[in-house]
>>> print(open('structure.tsv').read())   # TSV, C-alpha atoms
chain	number	residue	atom	x	y	z
Q	134	MET	CA	63.48	81.11	85.57
Q	135	SER	CA	66.95	79.60	85.70
Q	136	GLY	CA	68.43	82.95	84.57
Q	137	ILE	CA	66.96	84.69	87.60
Q	138	THR	CA	68.06	81.88	89.89
Q	139	SER	CA	71.60	81.86	88.55
Q	140	ALA	CA	71.79	85.67	88.75
Q	141	SER	CA	70.71	85.64	92.39
Q	142	PHE	CA	73.11	82.76	93.05
Q	143	LEU	CA	76.00	84.72	91.53
Q	144	ALA	CA	75.05	87.87	93.44
Q	145	ARG	CA	74.92	85.94	96.72
Q	146	ARG	CA	78.30	84.29	96.01
Q	147	ALA	CA	79.81	87.70	95.22
Q	148	ALA	CA	78.46	89.08	98.51
Q	149	GLN	CA	79.89	86.08	100.36
Q	150	ARG	CA	83.30	86.56	98.73
Q	151	GLU	CA	83.28	90.19	99.80
Q	152	ARG	CA	82.33	89.29	103.39
Q	153	VAL	CA	85.13	86.70	103.52
Q	154	ARG	CA	87.64	89.18	102.11
Q	155	ILE	CA	86.65	91.83	104.67
Q	156	LEU	CA	86.74	89.29	107.51
Q	157	TYR	CA	90.20	88.07	106.46
Q	158	ARG	CA	91.63	91.58	106.24
Q	159	ARG	CA	90.16	92.60	109.61
Q	160	ALA	CA	91.47	89.41	111.24
Q	161	LEU	CA	94.89	89.90	109.66
Q	162	ARG	CA	95.11	93.48	110.95
Q	163	ASP	CA	93.98	92.32	114.37
Q	164	THR	CA	96.66	89.61	114.34
Q	165	LEU	CA	99.20	92.41	114.08
Q	166	ASN	CA	97.68	93.88	117.25
Q	167	TRP	CA	98.42	90.67	119.15
Q	168	ALA	CA	101.92	90.21	117.70
Q	169	VAL	CA	103.41	93.65	117.17
Q	170	HIS	CA	106.81	92.45	115.94
Q	171	ARG	CA	106.98	90.99	112.44
Q	172	HIS	CA	108.88	87.86	113.48
Q	173	LEU	CA	105.94	87.00	115.75
Q	174	PHE	CA	103.33	88.14	113.26
Q	175	TYR	CA	104.27	85.95	110.27
Q	176	PRO	CA	103.54	82.53	111.88
Q	177	ASP	CA	100.20	83.82	113.18
Q	178	ALA	CA	99.34	85.25	109.76
Q	179	ASP	CA	100.21	81.89	108.14
Q	180	ALA	CA	97.96	80.05	110.62
Q	181	LEU	CA	95.13	82.48	109.88
Q	182	ARG	CA	95.57	81.95	106.14
Q	183	GLU	CA	95.47	78.17	106.62
Q	184	ARG	CA	92.17	78.48	108.52
Q	185	PHE	CA	90.66	80.38	105.60
Q	186	GLU	CA	92.19	78.10	102.96
Q	187	ALA	CA	90.79	74.99	104.67
Q	188	ASN	CA	87.27	76.05	103.65
Q	189	ARG	CA	88.11	77.40	100.21
Q	190	LYS	CA	86.52	74.50	98.31
Q	191	VAL	CA	83.15	74.60	100.12
Q	192	GLU	CA	80.37	75.06	97.53
Q	193	ASP	CA	77.13	74.92	99.55
Q	194	ILE	CA	75.67	78.41	100.01
Q	195	GLU	CA	74.18	77.73	103.44
Q	196	THR	CA	77.41	76.16	104.70
Q	197	ILE	CA	79.37	79.19	103.49
Q	198	ASP	CA	76.96	81.54	105.30
Q	199	ARG	CA	77.35	79.48	108.48
Q	200	LEU	CA	81.17	79.50	108.18
Q	201	ILE	CA	81.18	83.27	107.67
Q	202	ALA	CA	78.92	83.78	110.71
Q	203	ASP	CA	81.16	81.49	112.80
Q	204	GLY	CA	84.26	83.35	111.60
Q	205	GLU	CA	82.78	86.74	112.43
Q	206	ALA	CA	81.72	85.50	115.88
Q	207	SER	CA	85.21	84.12	116.48
Q	208	TYR	CA	86.77	87.38	115.32
Q	209	ASN	CA	84.55	89.42	117.63
Q	210	LYS	CA	85.33	87.08	120.54
Q	211	TRP	CA	89.13	87.20	120.09
Q	212	ARG	CA	89.41	90.80	118.94
Q	213	HIS	CA	92.17	92.74	120.67
Q	214	PRO	CA	90.74	94.99	123.42
Q	215	ASP	CA	93.48	97.61	123.04
Q	216	PRO	CA	94.65	97.75	119.42
Q	217	TYR	CA	98.20	98.81	118.62
Q	218	ILE	CA	98.36	102.27	117.11
Q	219	GLY	CA	101.62	102.94	115.33
Q	220	MET	CA	102.88	105.99	113.50
Q	221	PHE	CA	101.43	106.44	110.05
Q	222	LEU	CA	102.53	108.59	107.15
Q	223	TYR	CA	99.67	111.06	107.54
Q	224	GLU	CA	100.74	111.67	111.12
Q	225	PHE	CA	104.13	112.86	109.89
Q	226	ARG	CA	102.41	115.27	107.53
Q	227	ASN	CA	100.18	116.59	110.32
Q	228	LYS	CA	102.86	117.38	112.86
Q	229	GLN	CA	102.04	120.15	115.24
Q	230	HIS	CA	104.14	122.36	117.45
Q	231	LEU	CA	103.71	122.62	121.19
Q	232	CYS	CA	105.27	125.23	123.42
Q	233	LEU	CA	106.15	123.73	126.82
Q	234	ASN	CA	108.28	125.69	129.31
Q	235	SER	CA	109.39	128.06	126.54
Q	236	LYS	CA	110.65	125.15	124.43
Q	237	GLN	CA	109.31	124.47	120.96
Q	238	VAL	CA	108.42	120.78	120.59
Q	239	GLU	CA	107.31	119.04	117.40
Q	240	VAL	CA	104.60	116.50	118.06
Q	241	TYR	CA	104.24	113.94	115.27
Q	242	TYR	CA	101.16	112.18	116.56
Q	243	MET	CA	98.35	113.38	118.75
Q	244	ASN	CA	97.89	110.45	121.10
Q	245	PRO	CA	96.59	111.99	124.38
Q	246	HIS	CA	98.69	109.61	126.50
Q	247	CYS	CA	101.87	110.62	124.68
Q	248	LEU	CA	101.01	114.29	125.02
Q	249	CYS	CA	100.69	113.81	128.79
Q	250	ILE	CA	104.10	112.11	128.88
Q	251	LEU	CA	105.66	114.95	126.86
Q	252	TYR	CA	104.06	117.52	129.15
Q	253	GLU	CA	105.32	115.75	132.28
Q	254	PHE	CA	108.79	115.36	130.76
Q	255	PHE	CA	109.17	119.06	130.05
Q	256	CYS	CA	107.42	120.32	133.18
Q	257	TYR	CA	109.30	118.19	135.69
Q	258	GLN	CA	112.88	118.68	134.43
>>> encode(input="structure.tsv", output="structure tokens")
Amino acid sequence: MSGITSASFLARRAAQRERVRILYRRALRDTLNWAVHRHLFYPDADALRERFEANRKVEDIETIDRLIADGEASYNKWRHPDPYIGMFLYEFRNKQHLCLNSKQVEVYYMNPHCLCILYEFFCYQ
């Protein structure tokens, strides 16, 4: 019976590790939404890491589940309402051409707001 118990224990711990890893990565990405510039991001990322490291040595399964639930609730509460969307490599590969006022324009990302700005720029010159 101890083999089954230890197997379920190990499976539950592996699932908890995965949930913590996913939570940390999501929170780290969201930290970059709050502090877009790297010199502002690094202190916030260090503080986030310290919050996770403070509970690294916790061994009780129920306590770990509670900490994960609290962390996910905190993440959902403080999640950025308007995440920063930067330019990514695939957007450079997927550039498209627009024809505005007989001018050929290369558009590197298809953000609707930016397209409106480009349209207004070329139409109201």
>>> residues_around(input="structure.tsv", residues="Q:Trp167", least_positions_apart="6", cutoff="10 Å", atoms="all atoms listed in the file", output="list in words")
Leu173, Phe174, Asp177, Trp211, Arg212, His213, Pro214, Asp215, Pro216 and Tyr217 of chain Q
>>> residues_around(input="structure.tsv", residues="Q:Leu181", least_positions_apart="4", cutoff="10 Å", atoms="only C-alpha atoms", output="list in words")
Tyr157, Ala160, Leu161, Thr164, Tyr175, Pro176, Asp177, Phe185 and Glu186 of chain Q
>>> closest_residue(input="structure.tsv", among="Q:Arg152, Q:Arg159, Q:Arg171, Q:Arg145", to="Q:Asp193", atoms="all atoms listed in the file")
Q:Arg145
>>> closest_residue(input="structure.tsv", among="Q:Leu156, Q:Arg184, Q:Ala178, Q:Val191", to="Q:Tyr208", atoms="all atoms listed in the file")
Q:Leu156
>>> atom_distance(input="structure.tsv", atom1="atom CA of Q:Asp198", atom2="atom CA of Q:Gln149")
7.3 Å
>>> atom_distance(input="structure.tsv", atom1="atom CA of Q:Lys190", atom2="atom CA of Q:Arg146")
13.0 Å
>>> atom_distance(input="structure.tsv", atom1="atom CA of Q:Leu200", atom2="atom CA of Q:Asn188")
8.3 Å
>>> closest_residue(input="structure.tsv", among="Q:Ile201, Q:Arg189, Q:Asn166, Q:Ser207", to="Q:Val153", atoms="all atoms listed in the file")
Q:Ile201
>>> closest_residue(input="structure.tsv", among="Q:Ala148, Q:Ser139, Q:Arg154, Q:His170", to="Q:Gly204", atoms="all atoms listed in the file")
Q:Arg154
>>> build_atoms(input="structure.tsv", residues="stretch 139-150 of chain Q", atoms="all heavy atoms", output="mmCIF file, in the coordinates of the input")
data_model
loop_
_atom_site.group_PDB
_atom_site.id
_atom_site.type_symbol
_atom_site.label_atom_id
_atom_site.label_comp_id
_atom_site.auth_asym_id
_atom_site.auth_seq_id
_atom_site.Cartn_x
_atom_site.Cartn_y
_atom_site.Cartn_z
ATOM 1 N N SER Q 139 70.149 81.813 88.645
ATOM 2 C CA SER Q 139 71.600 81.860 88.550
ATOM 3 C C SER Q 139 72.123 83.264 88.830
ATOM 4 O O SER Q 139 73.199 83.427 89.400
ATOM 5 C CB SER Q 139 72.073 81.370 87.179
ATOM 6 O OG SER Q 139 71.647 82.254 86.172
ATOM 7 N N ALA Q 140 71.366 84.297 88.457
ATOM 8 C CA ALA Q 140 71.790 85.670 88.750
ATOM 9 C C ALA Q 140 71.781 85.923 90.253
ATOM 10 O O ALA Q 140 72.719 86.531 90.786
ATOM 11 C CB ALA Q 140 70.880 86.657 88.038
ATOM 12 N N SER Q 141 70.748 85.460 90.940
ATOM 13 C CA SER Q 141 70.710 85.640 92.390
ATOM 14 C C SER Q 141 71.794 84.811 93.073
ATOM 15 O O SER Q 141 72.390 85.242 94.066
ATOM 16 C CB SER Q 141 69.328 85.299 92.950
ATOM 17 O OG SER Q 141 69.054 83.932 92.772
ATOM 18 N N PHE Q 142 72.047 83.615 92.520
ATOM 19 C CA PHE Q 142 73.110 82.760 93.050
ATOM 20 C C PHE Q 142 74.459 83.465 92.925
ATOM 21 O O PHE Q 142 75.243 83.515 93.876
ATOM 22 C CB PHE Q 142 73.123 81.422 92.305
ATOM 23 C CG PHE Q 142 74.268 80.534 92.671
ATOM 24 C CD1 PHE Q 142 74.243 79.789 93.830
ATOM 25 C CD2 PHE Q 142 75.391 80.449 91.849
ATOM 26 C CE1 PHE Q 142 75.301 78.973 94.175
ATOM 27 C CE2 PHE Q 142 76.450 79.634 92.174
ATOM 28 C CZ PHE Q 142 76.404 78.899 93.343
ATOM 29 N N LEU Q 143 74.727 84.030 91.745
ATOM 30 C CA LEU Q 143 76.000 84.720 91.530
ATOM 31 C C LEU Q 143 76.124 85.969 92.403
ATOM 32 O O LEU Q 143 77.203 86.275 92.911
ATOM 33 C CB LEU Q 143 76.161 85.078 90.059
ATOM 34 C CG LEU Q 143 76.345 83.901 89.097
ATOM 35 C CD1 LEU Q 143 76.362 84.397 87.659
ATOM 36 C CD2 LEU Q 143 77.605 83.137 89.433
ATOM 37 N N ALA Q 144 75.026 86.678 92.589
ATOM 38 C CA ALA Q 144 75.050 87.870 93.440
ATOM 39 C C ALA Q 144 75.327 87.474 94.893
ATOM 40 O O ALA Q 144 76.099 88.149 95.590
ATOM 41 C CB ALA Q 144 73.730 88.622 93.339
ATOM 42 N N ARG Q 145 74.710 86.391 95.337
ATOM 43 C CA ARG Q 145 74.920 85.940 96.720
ATOM 44 C C ARG Q 145 76.352 85.467 96.919
ATOM 45 O O ARG Q 145 76.969 85.759 97.938
ATOM 46 C CB ARG Q 145 73.935 84.826 97.051
ATOM 47 C CG ARG Q 145 73.929 84.449 98.498
ATOM 48 C CD ARG Q 145 72.754 83.588 98.830
ATOM 49 N NE ARG Q 145 72.805 83.149 100.211
ATOM 50 C CZ ARG Q 145 72.010 82.253 100.724
ATOM 51 N NH1 ARG Q 145 71.067 81.706 99.984
ATOM 52 N NH2 ARG Q 145 72.127 81.890 101.973
ATOM 53 N N ARG Q 146 76.902 84.755 95.919
ATOM 54 C CA ARG Q 146 78.300 84.290 96.010
ATOM 55 C C ARG Q 146 79.254 85.482 96.019
ATOM 56 O O ARG Q 146 80.252 85.485 96.735
ATOM 57 C CB ARG Q 146 78.645 83.356 94.849
ATOM 58 C CG ARG Q 146 78.054 81.966 94.933
ATOM 59 C CD ARG Q 146 78.525 81.227 96.170
ATOM 60 N NE ARG Q 146 79.965 81.046 96.192
ATOM 61 C CZ ARG Q 146 80.612 79.947 95.878
ATOM 62 N NH1 ARG Q 146 79.947 78.881 95.513
ATOM 63 N NH2 ARG Q 146 81.920 79.892 95.943
ATOM 64 N N ALA Q 147 78.962 86.508 95.236
ATOM 65 C CA ALA Q 147 79.810 87.700 95.220
ATOM 66 C C ALA Q 147 79.768 88.403 96.582
ATOM 67 O O ALA Q 147 80.808 88.867 97.084
ATOM 68 C CB ALA Q 147 79.371 88.649 94.112
ATOM 69 N N ALA Q 148 78.594 88.466 97.180
ATOM 70 C CA ALA Q 148 78.460 89.080 98.510
ATOM 71 C C ALA Q 148 79.219 88.258 99.547
ATOM 72 O O ALA Q 148 79.878 88.820 100.438
ATOM 73 C CB ALA Q 148 76.990 89.197 98.887
ATOM 74 N N GLN Q 149 79.157 86.938 99.430
ATOM 75 C CA GLN Q 149 79.890 86.080 100.360
ATOM 76 C C GLN Q 149 81.398 86.266 100.205
ATOM 77 O O GLN Q 149 82.130 86.333 101.194
ATOM 78 C CB GLN Q 149 79.532 84.609 100.140
ATOM 79 C CG GLN Q 149 78.151 84.244 100.619
ATOM 80 C CD GLN Q 149 77.800 82.814 100.282
ATOM 81 O OE1 GLN Q 149 78.345 82.213 99.349
ATOM 82 N NE2 GLN Q 149 76.865 82.262 101.032
ATOM 83 N N ARG Q 150 81.861 86.339 98.962
ATOM 84 C CA ARG Q 150 83.300 86.560 98.730
ATOM 85 C C ARG Q 150 83.757 87.872 99.362
ATOM 86 O O ARG Q 150 84.830 87.949 99.950
ATOM 87 C CB ARG Q 150 83.596 86.589 97.232
ATOM 88 C CG ARG Q 150 83.842 85.249 96.658
ATOM 89 C CD ARG Q 150 84.415 85.344 95.245
ATOM 90 N NE ARG Q 150 83.855 84.257 94.459
ATOM 91 C CZ ARG Q 150 82.830 84.362 93.644
ATOM 92 N NH1 ARG Q 150 82.263 85.512 93.426
ATOM 93 N NH2 ARG Q 150 82.373 83.309 93.004
#
